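Engineer: query23.cif (mmCIF, C-alpha atoms) pasted underneath:
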```
data_my_file
loop_
_atom_site.label_atom_id
_atom_site.label_comp_id
_atom_site.auth_asym_id
_atom_site.auth_seq_id
_atom_site.Cartn_x
_atom_site.Cartn_y
_atom_site.Cartn_z
CA MET C 23 135.88 149.54 48.14
CA ILE C 24 135.16 150.64 51.68
CA LYS C 25 131.41 150.41 51.01
CA ARG C 26 131.86 146.87 49.66
CA LEU C 27 133.94 145.90 52.72
CA LEU C 28 131.35 147.31 55.11
CA LYS C 29 128.59 145.50 53.23
CA SER C 30 130.51 142.20 53.41
CA THR C 31 131.19 142.70 57.13
CA PHE C 32 127.51 143.42 57.78
CA LEU C 33 126.41 140.32 55.86
CA PHE C 34 128.92 138.17 57.75
CA PHE C 35 127.70 139.60 61.05
CA LEU C 36 124.07 139.00 60.08
CA ILE C 37 124.77 135.42 59.04
CA GLY C 38 126.53 134.90 62.38
CA ILE C 39 123.54 136.15 64.31
CA LEU C 40 121.14 134.02 62.31
CA SER C 41 123.44 131.05 62.69
CA CYS C 42 123.63 131.52 66.45
CA GLY C 43 119.89 131.87 66.56
CA ASN C 44 119.41 128.65 64.60
CA THR C 45 121.92 126.84 66.83
CA ASN C 46 120.08 127.91 69.98
CA SER C 47 116.76 126.92 68.44
CA GLN C 48 118.15 123.53 67.44
CA SER C 49 119.72 123.14 70.88
CA GLU C 50 116.42 123.93 72.58
CA GLU C 51 114.59 121.55 70.25
CA THR C 52 117.16 118.82 70.93
CA SER C 53 116.86 119.48 74.67
CA GLU C 54 113.07 119.25 74.47
CA ASN C 55 113.30 116.05 72.45
CA THR C 56 115.76 114.58 74.99
CA SER C 57 113.50 115.62 77.85
CA ASP C 58 110.49 114.04 76.13
CA LYS C 59 112.51 110.88 75.51
CA GLU C 60 113.58 110.72 79.16
CA LYS C 61 109.97 111.14 80.26
CA SER C 62 108.89 108.46 77.80
CA ASP C 63 111.63 106.07 78.94
CA SER C 64 110.78 106.74 82.58
CA LYS C 65 107.10 106.03 81.96
CA ALA C 66 107.94 102.89 80.00
CA SER C 67 110.02 101.55 82.90
CA GLU C 68 107.53 102.53 85.62
CA ILE C 69 106.28 99.60 87.65
CA ILE C 70 102.66 98.82 86.85
CA VAL C 71 101.04 96.94 89.72
CA GLY C 72 98.62 94.09 89.11
CA ALA C 73 95.55 96.09 90.15
CA ASN C 74 96.32 98.68 87.48
CA ARG C 75 96.22 96.07 84.70
CA THR C 76 92.43 96.04 84.50
CA GLU C 77 92.51 94.65 80.96
CA GLU C 78 93.93 91.42 82.44
CA TYR C 79 91.15 90.74 84.92
CA LEU C 80 88.03 92.84 84.37
CA ALA C 81 86.38 90.24 82.13
CA LEU C 82 86.85 87.65 84.89
CA LEU C 83 84.72 89.72 87.27
CA LYS C 84 81.75 90.52 85.05
CA GLY C 85 78.51 88.95 86.25
CA LYS C 86 80.11 87.51 89.41
CA LYS C 87 79.66 88.24 93.10
CA ILE C 88 83.03 89.46 94.33
CA GLY C 89 84.71 89.59 97.72
CA VAL C 90 87.76 91.82 98.21
CA VAL C 91 90.47 91.42 100.84
CA GLY C 92 92.12 94.81 100.95
CA ASN C 93 93.11 97.88 102.90
CA GLN C 94 94.33 101.42 102.27
CA THR C 95 97.11 100.09 99.99
CA SER C 96 94.63 98.56 97.52
CA ILE C 97 94.90 101.46 95.12
CA ILE C 98 95.00 102.09 91.38
CA LYS C 99 96.85 104.95 89.70
CA THR C 100 94.63 106.93 87.36
CA GLU C 101 95.64 108.58 84.08
CA THR C 102 95.96 111.91 85.91
CA GLY C 103 98.50 110.42 88.32
CA GLU C 104 96.08 110.35 91.24
CA TYR C 105 95.06 107.23 93.14
CA THR C 106 91.70 105.58 93.64
CA HIS C 107 90.83 102.56 95.75
CA LEU C 108 90.40 99.27 93.91
CA VAL C 109 86.94 98.82 95.45
CA ASP C 110 85.82 102.28 94.34
CA SER C 111 87.17 101.61 90.85
CA LEU C 112 85.39 98.27 90.54
CA LEU C 113 82.10 99.71 91.79
CA SER C 114 82.33 102.49 89.21
CA LEU C 115 82.70 99.79 86.54
CA ASN C 116 79.52 98.08 87.75
CA ILE C 117 81.33 95.12 89.30
CA LYS C 118 79.17 93.50 91.98
CA ILE C 119 81.13 93.56 95.25
CA GLU C 120 79.29 91.70 97.98
CA LYS C 121 81.61 92.48 100.89
CA VAL C 122 85.13 93.47 101.81
CA PHE C 123 87.46 91.71 104.25
CA ALA C 124 89.82 93.55 106.59
CA PRO C 125 93.29 92.37 107.74
CA GLU C 126 95.29 93.71 110.71
CA HIS C 127 94.94 97.52 111.02
CA GLY C 128 91.51 97.39 109.36
CA PHE C 129 90.12 98.06 105.90
CA ARG C 130 91.17 101.72 105.98
CA GLY C 131 94.44 100.91 107.80
CA THR C 132 94.10 103.09 110.91
CA ALA C 133 94.02 100.57 113.78
CA ASP C 134 96.92 99.93 116.15
CA ALA C 135 99.15 96.90 115.74
CA GLY C 136 97.44 93.97 117.45
CA GLU C 137 94.16 95.85 117.88
CA VAL C 138 91.13 93.63 117.36
CA ILE C 139 89.32 94.47 114.12
CA LYS C 140 85.54 94.22 114.28
CA ASP C 141 82.95 93.49 111.61
CA GLY C 142 80.99 96.49 110.43
CA LEU C 143 80.29 98.70 107.44
CA ASP C 144 82.73 100.63 105.29
CA THR C 145 81.79 104.26 105.85
CA LYS C 146 82.61 105.29 102.28
CA THR C 147 80.86 102.58 100.28
CA GLY C 148 78.43 101.11 102.80
CA LEU C 149 79.74 97.62 102.02
CA PRO C 150 79.82 95.02 104.81
CA VAL C 151 83.30 94.66 106.33
CA VAL C 152 84.30 91.21 107.59
CA SER C 153 87.23 91.16 110.00
CA LEU C 154 90.10 88.77 109.39
CA TYR C 155 92.01 90.01 112.41
CA GLY C 156 90.20 89.17 115.61
CA LYS C 157 88.53 86.00 116.78
CA ASN C 158 88.17 84.81 113.15
CA LYS C 159 91.33 85.04 111.09
CA LYS C 160 89.91 82.68 108.49
CA PRO C 161 86.70 83.45 106.53
CA SER C 162 83.90 81.08 107.48
CA PRO C 163 81.84 79.12 104.93
CA GLU C 164 78.87 81.24 105.97
CA VAL C 165 80.46 84.57 105.01
CA LEU C 166 81.73 83.04 101.73
CA LYS C 167 78.49 81.38 100.67
CA ASP C 168 77.43 84.22 98.35
CA ILE C 169 80.91 84.82 96.86
CA ASP C 170 81.81 83.58 93.36
CA LEU C 171 85.36 84.94 93.28
CA MET C 172 87.74 86.49 95.81
CA ILE C 173 90.33 89.20 95.24
CA PHE C 174 93.41 89.74 97.41
CA ASP C 175 95.13 93.10 96.96
CA ILE C 176 97.36 94.19 99.85
CA GLN C 177 100.83 95.72 99.88
CA ASP C 178 103.35 93.56 101.74
CA VAL C 179 106.81 94.56 103.01
CA GLY C 180 108.58 91.21 102.77
CA ALA C 181 108.98 90.22 106.43
CA ARG C 182 107.73 86.90 107.83
CA PHE C 183 106.16 88.56 110.87
CA TYR C 184 104.20 91.13 108.83
CA THR C 185 100.79 89.53 109.19
CA TYR C 186 99.29 90.16 105.75
CA ILE C 187 100.90 86.95 104.45
CA SER C 188 99.28 85.05 107.33
CA THR C 189 95.93 86.51 106.26
CA LEU C 190 96.75 85.34 102.72
CA HIS C 191 97.33 81.78 104.02
CA TYR C 192 93.97 81.57 105.77
CA LEU C 193 92.18 83.14 102.83
CA MET C 194 93.69 80.61 100.43
CA GLU C 195 92.70 77.79 102.75
CA ALA C 196 89.11 79.04 103.03
CA CYS C 197 88.82 79.53 99.26
CA ALA C 198 90.20 76.04 98.62
CA GLU C 199 87.77 74.47 101.06
CA ASN C 200 84.82 76.31 99.53
CA ASN C 201 85.83 75.97 95.85
CA ILE C 202 86.19 79.71 95.32
CA PRO C 203 88.84 80.97 92.86
CA LEU C 204 91.25 83.59 94.19
CA LEU C 205 92.59 86.48 92.11
CA ILE C 206 95.81 87.98 93.51
CA MET C 207 96.79 91.51 92.47
CA ASP C 208 100.57 91.48 92.71
CA ARG C 209 102.56 94.39 94.14
CA PRO C 210 106.31 95.00 94.62
CA ASN C 211 108.17 93.78 97.67
CA PRO C 212 110.20 96.79 98.90
CA ASN C 213 112.49 94.36 100.74
CA GLY C 214 112.46 91.82 97.91
CA HIS C 215 116.12 92.32 97.00
CA TYR C 216 117.45 89.94 99.66
CA ILE C 217 116.63 86.97 101.89
CA ASP C 218 117.95 86.70 105.43
CA GLY C 219 117.39 85.49 108.97
CA PRO C 220 116.69 82.23 110.77
CA ILE C 221 114.20 79.76 109.29
CA LEU C 222 111.03 79.38 111.35
CA GLU C 223 110.86 76.09 113.26
CA PRO C 224 107.44 74.33 113.25
CA GLU C 225 107.01 74.38 117.03
CA TYR C 226 107.10 78.20 117.01
CA GLN C 227 104.41 78.67 114.39
CA SER C 228 102.04 81.57 115.10
CA PHE C 229 100.17 84.32 113.27
CA VAL C 230 103.46 86.27 113.08
CA GLY C 231 105.17 83.28 111.49
CA MET C 232 103.27 80.46 109.80
CA HIS C 233 105.73 78.87 107.40
CA PRO C 234 109.33 77.53 107.41
CA ILE C 235 110.81 80.59 105.75
CA PRO C 236 113.43 83.16 106.83
CA VAL C 237 112.56 86.50 108.43
CA VAL C 238 113.06 88.26 105.07
CA HIS C 239 111.52 86.02 102.41
CA GLY C 240 112.27 87.87 99.15
CA LEU C 241 108.92 87.17 97.45
CA THR C 242 106.01 89.21 96.18
CA ILE C 243 102.52 88.36 97.41
CA GLY C 244 101.83 86.49 94.15
CA GLU C 245 105.04 84.49 94.40
CA TYR C 246 104.35 83.76 98.06
CA ALA C 247 100.88 82.43 97.23
CA GLN C 248 102.44 80.10 94.66
CA MET C 249 104.87 78.84 97.32
CA ILE C 250 102.03 78.19 99.78
CA ASN C 251 100.29 76.12 97.11
CA GLY C 252 103.40 74.42 95.77
CA GLU C 253 104.74 73.38 99.17
CA LYS C 254 101.26 72.24 100.26
CA TRP C 255 101.24 74.34 103.43
CA LEU C 256 97.46 74.61 103.55
CA ASN C 257 95.42 72.28 105.75
CA ASP C 258 95.67 68.66 104.57
CA GLY C 259 97.80 69.78 101.63
CA ILE C 260 94.83 71.19 99.72
CA GLN C 261 95.53 73.75 97.01
CA CYS C 262 93.80 76.98 96.15
CA ASP C 263 92.73 77.89 92.62
CA ILE C 264 94.77 81.07 92.27
CA ARG C 265 95.53 83.41 89.41
CA VAL C 266 98.20 86.06 89.87
CA ILE C 267 97.79 89.32 87.97
CA GLU C 268 101.47 90.03 87.48
CA MET C 269 103.17 93.41 87.44
CA GLU C 270 104.93 95.00 84.50
CA ASN C 271 108.50 96.39 84.62
CA TYR C 272 109.30 94.87 88.01
CA ASP C 273 112.26 92.83 89.19
CA HIS C 274 113.50 92.09 92.68
CA GLU C 275 116.44 94.48 92.47
CA LYS C 276 114.27 97.45 91.54
CA LYS C 277 113.66 99.94 94.33
CA TYR C 278 110.05 100.87 94.93
CA SER C 279 108.73 103.78 96.94
CA LEU C 280 105.29 102.98 98.34
CA PRO C 281 102.64 105.61 97.50
CA VAL C 282 100.79 105.02 100.77
CA LYS C 283 101.73 103.72 104.23
CA PRO C 284 101.28 99.92 104.35
CA SER C 285 100.43 100.22 108.07
CA PRO C 286 100.23 103.10 110.58
CA ASN C 287 103.76 102.67 111.93
CA LEU C 288 105.62 102.32 108.63
CA PRO C 289 105.44 105.93 107.43
CA ASN C 290 108.18 106.01 104.79
CA ASP C 291 110.76 104.08 102.77
CA LYS C 292 113.35 104.27 105.54
CA SER C 293 111.09 102.67 108.13
CA ILE C 294 110.16 99.90 105.68
CA ASN C 295 113.82 99.16 104.96
CA LEU C 296 114.69 99.06 108.67
CA TYR C 297 111.54 97.21 109.76
CA PRO C 298 112.79 93.59 109.41
CA SER C 299 115.80 94.43 111.60
CA LEU C 300 114.10 96.65 114.19
CA CYS C 301 110.91 94.62 114.62
CA PHE C 302 112.85 92.25 116.89
CA PHE C 303 112.69 95.03 119.51
CA GLU C 304 108.94 94.36 119.71
CA GLY C 305 109.90 91.21 121.61
CA THR C 306 112.02 93.12 124.13
CA ASN C 307 111.67 95.97 126.65
CA VAL C 308 112.97 98.41 124.04
CA ASN C 309 110.70 100.80 122.14
CA ALA C 310 111.15 100.76 118.33
CA GLY C 311 109.84 104.26 117.67
CA ARG C 312 106.13 103.69 118.17
CA GLY C 313 104.65 106.84 119.70
CA THR C 314 107.07 109.09 117.79
CA ASP C 315 107.26 110.51 114.28
CA LYS C 316 110.19 108.16 113.58
CA GLN C 317 108.50 104.78 113.86
CA PHE C 318 110.95 101.94 113.12
CA GLN C 319 113.71 104.48 112.59
CA VAL C 320 114.75 104.90 116.23
CA PHE C 321 114.97 102.64 119.24
CA GLY C 322 115.33 103.33 122.94
CA SER C 323 114.43 102.44 126.49
CA PRO C 324 114.63 103.96 129.99
CA TYR C 325 116.81 100.95 130.87
CA LEU C 326 119.53 101.45 128.28
CA TYR C 327 122.68 103.10 129.59
CA LYS C 328 122.46 106.85 129.01
CA THR C 329 126.25 107.05 129.10
CA TYR C 330 126.32 104.83 125.98
CA PHE C 331 123.14 105.83 124.14
CA LYS C 332 122.97 109.59 123.58
CA TYR C 333 119.74 109.92 121.57
CA LEU C 334 116.78 110.91 123.76
CA TYR C 335 113.04 110.78 123.10
CA LYS C 336 109.70 110.24 124.84
CA PRO C 337 107.05 108.05 123.20
CA GLU C 338 103.59 109.60 123.38
CA PRO C 339 100.13 108.26 122.45
CA MET C 340 99.23 108.98 118.83
CA PRO C 341 97.05 107.51 116.05
CA GLY C 342 98.24 104.00 115.30
CA ALA C 343 100.06 103.82 118.66
CA THR C 344 97.56 104.77 121.34
CA ASN C 345 99.56 103.05 124.09
CA PRO C 346 103.21 102.89 122.99
CA LYS C 347 105.85 101.11 125.01
CA HIS C 348 107.37 103.41 127.71
CA SER C 349 104.77 106.09 127.00
CA GLY C 350 105.80 109.42 128.55
CA LEU C 351 109.15 108.09 129.78
CA GLN C 352 112.59 109.29 128.75
CA CYS C 353 114.19 106.74 126.46
CA PHE C 354 117.88 106.49 125.64
CA GLY C 355 118.74 104.99 122.29
CA LYS C 356 119.74 105.60 118.69
CA ASP C 357 118.38 107.53 115.73
CA LEU C 358 118.88 105.50 112.53
CA THR C 359 117.22 107.85 110.05
CA ASP C 360 120.60 108.53 108.41
CA SER C 361 121.80 104.91 108.47
CA GLU C 362 122.78 103.11 105.27
CA TYR C 363 120.22 101.36 103.07
CA LEU C 364 120.07 97.73 104.21
CA ASN C 365 120.62 94.76 101.92
CA SER C 366 120.61 92.27 104.80
CA LEU C 367 119.30 91.95 108.33
CA ASN C 368 121.16 93.97 110.93
CA LEU C 369 121.14 92.51 114.44
CA GLU C 370 124.03 94.63 115.70
CA TRP C 371 121.60 97.19 117.16
CA LEU C 372 119.70 94.46 119.01
CA ILE C 373 122.91 92.93 120.37
CA GLU C 374 124.23 96.38 121.28
CA ALA C 375 121.05 97.16 123.22
CA TYR C 376 121.17 93.84 125.09
CA ASN C 377 124.82 94.38 126.02
CA ASN C 378 124.09 97.87 127.34
CA THR C 379 120.91 97.52 129.35
CA ALA C 380 120.46 97.72 133.11
CA LYS C 381 117.78 95.01 132.96
CA LYS C 382 119.20 92.06 131.04
CA GLU C 383 116.93 89.59 132.82
CA GLU C 384 113.87 91.51 131.60
CA PHE C 385 115.19 92.37 128.13
CA PHE C 386 113.46 89.56 126.19
CA ASN C 387 109.81 88.60 126.47
CA GLN C 388 107.87 85.60 125.11
CA PHE C 389 106.97 87.42 121.91
CA PHE C 390 110.62 87.51 120.86
CA THR C 391 110.73 83.79 120.12
CA LYS C 392 107.59 84.07 117.99
CA LEU C 393 109.22 86.87 115.97
CA ALA C 394 112.48 84.97 115.60
CA GLY C 395 110.71 81.68 114.85
CA THR C 396 113.30 79.90 116.96
CA LYS C 397 114.58 79.88 120.56
CA LYS C 398 118.16 79.75 119.29
CA LEU C 399 118.47 83.45 118.49
CA GLN C 400 117.77 84.58 122.06
CA ASP C 401 120.13 81.91 123.39
CA GLN C 402 122.86 83.04 120.98
CA ILE C 403 122.55 86.68 122.03
CA GLU C 404 122.45 85.86 125.74
CA SER C 405 125.53 83.63 125.42
CA GLY C 406 127.52 86.46 123.84
CA LYS C 407 127.68 85.24 120.24
CA SER C 408 128.73 87.88 117.74
CA PHE C 409 126.48 88.93 114.89
CA GLN C 410 128.87 87.23 112.44
CA GLU C 411 128.64 83.96 114.38
CA ILE C 412 124.85 84.17 114.52
CA LYS C 413 124.63 84.95 110.82
CA ALA C 414 126.86 81.97 109.98
CA SER C 415 124.36 79.69 111.72
CA TRP C 416 121.68 80.73 109.20
CA LYS C 417 123.72 79.84 106.12
CA GLU C 418 122.49 76.29 105.47
CA GLY C 419 118.84 77.13 106.08
CA LEU C 420 119.00 80.14 103.77
CA SER C 421 120.69 78.12 101.04
CA ASN C 422 117.98 75.46 101.14
CA TYR C 423 115.25 78.08 101.21
CA ASP C 424 116.71 79.92 98.24
CA LEU C 425 116.55 76.75 96.15
CA MET C 426 112.88 76.36 97.05
CA ARG C 427 112.17 80.07 96.45
CA LYS C 428 113.53 80.01 92.91
CA LYS C 429 110.76 77.62 91.83
CA TYR C 430 108.14 80.29 92.48
CA LEU C 431 109.75 83.47 91.18
CA LEU C 432 107.73 85.38 88.58
CA TYR C 433 110.15 88.28 88.07
CA GLN C 434 113.76 87.56 87.20
#
```
Just give me the structure of the file as structure tokens.
Structural biologist:
Amino acid sequence: MIKRLLKSTFLFFLIGILSCGNTNSQSEETSENTSDKEKSDSKASEIIVGANRTEEYLALLKGKKIGVVGNQTSIIKTETGEYTHLVDSLLSLNIKIEKVFAPEHGFRGTADAGEVIKDGLDTKTGLPVVSLYGKNKKPSPEVLKDIDLMIFDIQDVGARFYTYISTLHYLMEACAENNIPLLIMDRPNPNGHYIDGPILEPEYQSFVGMHPIPVVHGLTIGEYAQMINGEKWLNDGIQCDIRVIEMENYDHEKKYSLPVKPSPNLPNDKSINLYPSLCFFEGTNVNAGRGTDKQFQVFGSPYLYKTYFKYLYKPEPMPGATNPKHSGLQCFGKDLTDSEYLNSLNLEWLIEAYNNTAKKEEFFNQFFTKLAGTKKLQDQIESGKSFQEIKASWKEGLSNYDLMRKKYLLYQ
């Protein structure tokens, strides 16, 4: 009896162990399956940029002489997760690239803001580089005469004064005038989740603002090109023969972390999110972080009241900012690296700086009106208008713009 009881107890114990072992095994298997599913779902929802969709455009390039407008952001993600430049990829596929065209900051994206870009040779590929940021912002018929098709592939950040969309305008105009089709590789707009700011007035048109749109336009490059065509903003209302290679898995509410800096002074997601709001300081005597490791994440000036602004820093020459504003001088300001993610323009920092400077009469310079696209904004700040009052004055213009914008959206 005792032997039978012991035997039964042992069998029960053994079954329990085996059962626990099976449960753990099943649990691990379930966990692995869940993990694989999460990875699969994540990959399925990953944004695929236009340049990566080679099956959509490679056949269009075969046997043609190609020109590429690009920079360091013109990259393709490989199967191993690494990145290669679009030009390098196309050359490896025996696509005939005649020349490349460089926007502000150059083809490799290392030049200072506003620095003249010169024609030359790309050191990596040996291809001729034609500058589109210098004395000639528009490609001439001469440099386009041996081009059958143009490609535009540049990462934008969604602000009217970010000059890549001005380069796009002149490229479209040149292609239209010379009967050259334009292929646009679309990329996400990291500030594409909102529209905001004053609408540019025609008399203040410049290379940092060419069209009657708000400061934050809420469009991808492909959508913006369609608007330029649709609204007939090119010279004499001509239209460019464009084809947009659309993205997969993108919508305007989806956050996107850029894999490479779009320009030397936008080093990370935070700077890109703050850029539309802080770039107004470029039209004042306040430094917006150039010459620091927190470009467009801090602001300051020797003239701001040190009793009010407690954050201190000294801008110093560095790559991409060889002569920053107030170089070597103690600046008093604010560090915004821990500020909230913006879903609208914030002018409170600009107004705050103006109200607490020792040099109000020298606060604004002529560039400010070009950035704002209107003289009204400076007048409103100088007259003591609140941010809420200023924002209310944009309402009608933004409403009209949004109606126009909706006609050109590709991702909804």
Engineer: Restrict the calculation to all atoms listed in the file, then for each residue of stretch 223-301 of chain C with any atom at most 7 Å from an atom of stretch 307-331 of chain C give the closest atom pair and their distance in Å to one decimal, rows by chain and rising residue number, as a tab-separated table.
Structural biologist:
```
residue	atom	partner	partner_atom	distance
C:Asn287	CA	C:Gln317	CA	5.5
C:Leu288	CA	C:Gln317	CA	6.5
C:Ser293	CA	C:Phe318	CA	5.0
C:Leu296	CA	C:Phe318	CA	6.5
C:Tyr297	CA	C:Phe318	CA	5.8
C:Leu300	CA	C:Phe318	CA	6.2
```
Engineer: If you apply the PyMOL selection byres ((chain C and resi 245) around 9) to this file, what residues do you get, as a compact mmCIF listing (two decimals) with C-alpha atoms, in the frame of the given file?
Structural biologist:
```txt
# COMPACT_ATOMS: atom_id res chain seq x y z
CA ASP C 208 100.57 91.48 92.71
CA LEU C 241 108.92 87.17 97.45
CA THR C 242 106.01 89.21 96.18
CA ILE C 243 102.52 88.36 97.41
CA GLY C 244 101.83 86.49 94.15
CA TYR C 246 104.35 83.76 98.06
CA ALA C 247 100.88 82.43 97.23
CA GLN C 248 102.44 80.10 94.66
CA MET C 249 104.87 78.84 97.32
CA ILE C 250 102.03 78.19 99.78
CA VAL C 266 98.20 86.06 89.87
CA ARG C 427 112.17 80.07 96.45
CA TYR C 430 108.14 80.29 92.48
CA LEU C 431 109.75 83.47 91.18
CA LEU C 432 107.73 85.38 88.58
CA TYR C 433 110.15 88.28 88.07
```
Engineer: Write out as a count of residues only each polymer residue whose atoms come within 10 Å of stretch 212-218 of chain C, counting all atoms listed in the file; drop sequence neighbours fewer than 5 positions from it.
Structural biologist: 41
Engineer: Within 12 Å of C:Ile412, counting all atoms listed in the file, which residues qualify if same-chain residues fewer than 3 places away don't, as a list of chain:residue names?
Structural biologist: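 Counting all atoms listed in the file, the residues come to C:Asp218, C:Gly219, C:Pro220, C:Leu367, C:Asn368, C:Leu369, C:Glu370, C:Ile373, C:Lys398, C:Leu399, C:Gln400, C:Asp401, C:Gln402, C:Ile403, C:Glu404, C:Ser405, C:Gly406, C:Lys407, C:Ser408, C:Phe409, C:Ser415, C:Trp416, C:Lys417.
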Engineer: Could you turn the residues from that selection into a file that holds C-alpha atoms, as a PDB file, in the coordinates of the input?
Structural biologist:
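Output below, filename part_0.pdb:
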```pdb
ATOM      1  CA  ASP C 218     117.950  86.700 105.430  1.00  0.00           C
ATOM      2  CA  GLY C 219     117.390  85.490 108.970  1.00  0.00           C
ATOM      3  CA  PRO C 220     116.690  82.230 110.770  1.00  0.00           C
ATOM      4  CA  LEU C 367     119.300  91.950 108.330  1.00  0.00           C
ATOM      5  CA  ASN C 368     121.160  93.970 110.930  1.00  0.00           C
ATOM      6  CA  LEU C 369     121.140  92.510 114.440  1.00  0.00           C
ATOM      7  CA  GLU C 370     124.030  94.630 115.700  1.00  0.00           C
ATOM      8  CA  ILE C 373     122.910  92.930 120.370  1.00  0.00           C
ATOM      9  CA  LYS C 398     118.160  79.750 119.290  1.00  0.00           C
ATOM     10  CA  LEU C 399     118.470  83.450 118.490  1.00  0.00           C
ATOM     11  CA  GLN C 400     117.770  84.580 122.060  1.00  0.00           C
ATOM     12  CA  ASP C 401     120.130  81.910 123.390  1.00  0.00           C
ATOM     13  CA  GLN C 402     122.860  83.040 120.980  1.00  0.00           C
ATOM     14  CA  ILE C 403     122.550  86.680 122.030  1.00  0.00           C
ATOM     15  CA  GLU C 404     122.450  85.860 125.740  1.00  0.00           C
ATOM     16  CA  SER C 405     125.530  83.630 125.420  1.00  0.00           C
ATOM     17  CA  GLY C 406     127.520  86.460 123.840  1.00  0.00           C
ATOM     18  CA  LYS C 407     127.680  85.240 120.240  1.00  0.00           C
ATOM     19  CA  SER C 408     128.730  87.880 117.740  1.00  0.00           C
ATOM     20  CA  PHE C 409     126.480  88.930 114.890  1.00  0.00           C
ATOM     21  CA  SER C 415     124.360  79.690 111.720  1.00  0.00           C
ATOM     22  CA  TRP C 416     121.680  80.730 109.200  1.00  0.00           C
ATOM     23  CA  LYS C 417     123.720  79.840 106.120  1.00  0.00           C
TER      24      LYS C 417
END
```
Engineer: Given the PyMOL selection byres ((chain C and resi 256) around 12) and the file above, list the residues it selects as a CSV table (one decimal) with C-alpha atoms, in the frame of the given file.
Structural biologist:
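selection25.csv, written as the output of this step:
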```csv
chain,number,residue,atom,x,y,z
C,188,SER,CA,99.3,85.0,107.3
C,190,LEU,CA,96.8,85.3,102.7
C,191,HIS,CA,97.3,81.8,104.0
C,192,TYR,CA,94.0,81.6,105.8
C,193,LEU,CA,92.2,83.1,102.8
C,194,MET,CA,93.7,80.6,100.4
C,195,GLU,CA,92.7,77.8,102.8
C,196,ALA,CA,89.1,79.0,103.0
C,197,CYS,CA,88.8,79.5,99.3
C,198,ALA,CA,90.2,76.0,98.6
C,199,GLU,CA,87.8,74.5,101.1
C,232,MET,CA,103.3,80.5,109.8
C,233,HIS,CA,105.7,78.9,107.4
C,247,ALA,CA,100.9,82.4,97.2
C,248,GLN,CA,102.4,80.1,94.7
C,249,MET,CA,104.9,78.8,97.3
C,250,ILE,CA,102.0,78.2,99.8
C,251,ASN,CA,100.3,76.1,97.1
C,252,GLY,CA,103.4,74.4,95.8
C,253,GLU,CA,104.7,73.4,99.2
C,254,LYS,CA,101.3,72.2,100.3
C,255,TRP,CA,101.2,74.3,103.4
C,257,ASN,CA,95.4,72.3,105.8
C,258,ASP,CA,95.7,68.7,104.6
C,259,GLY,CA,97.8,69.8,101.6
C,260,ILE,CA,94.8,71.2,99.7
C,261,GLN,CA,95.5,73.8,97.0
C,262,CYS,CA,93.8,77.0,96.2
```
Engineer: Nearest to C:Lys99: which of C:Lys146, C:Val122, C:Gly85, C:Val282 is it, counting all atoms listed in the file?
Structural biologist: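 With all atoms listed in the file as the atom set, the closest residue is C:Val282.
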Engineer: I need the residue set behind the PyMOL selection byres ((chain C and resi 87) around 10) for this file; please write it as a ChimeraX atom specification.
Structural biologist: /C:83-86,88-89,117-121,168-172
Engineer: Can you work out which one of C:Gln227, C:Ser349, C:Gln410, C:Asn377 has the shortest atom-to-atom distance to C:Phe389, counting only C-alpha atoms?
Structural biologist: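 When distances to C:Phe389 are compared using only C-alpha atoms, the smallest one comes from C:Gln227.
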Engineer: Mind giving me the straight-line distance from atom CA of C:Leu149 to atom CA of C:Val109 in Å, one decimal?
Structural biologist: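 Straight-line distance from atom CA of C:Leu149 to atom CA of C:Val109 works out to 9.8 Å.
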Engineer: In Å, with one decimal, what is the gap from atom CA of C:Phe183 to atom CA of C:Ser96?
Structural biologist: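 Between atom CA of C:Phe183 and atom CA of C:Ser96 the gap is 20.3 Å.
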Engineer: Would you mind listing what lies within 7 Å of C:Lys336 as a PyMOL selection string, with all atoms listed in the file counted and same-chain residues fewer than 6 positions away left out?
Structural biologist: chain C and resi 349-353
Engineer: Selected residues, C-alpha atoms, written as a tab-separated table (two decimals), keeping the file's coordinate frame, please.
Structural biologist:
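Wrote it out as result-v6.tsv, contents follow:
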```
chain	number	residue	atom	x	y	z
C	349	SER	CA	104.77	106.09	127.00
C	350	GLY	CA	105.80	109.42	128.55
C	351	LEU	CA	109.15	108.09	129.78
C	352	GLN	CA	112.59	109.29	128.75
C	353	CYS	CA	114.19	106.74	126.46
```
Engineer: What is the atom CA of C:Leu115-atom CA of C:Pro281 distance in Å, reported with one decimal?
Structural biologist: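 So the answer is 23.5 Å.
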Engineer: Please determine, counting all atoms listed in the file, which residue among C:Ile221, C:Val230, C:Leu358, C:Leu82 has the shortest atom-to-atom distance to C:Gly305.
Structural biologist: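 Among the listed residues, C:Val230 lies closest to C:Gly305.
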Engineer: Under the rule that all atoms listed in the file are counted, which of C:Gly142, C:Pro284, C:Gly231, C:Pro163 is the nearest residue to C:Ile97?
Structural biologist: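 Of all the options, C:Pro284 lies closest to C:Ile97.
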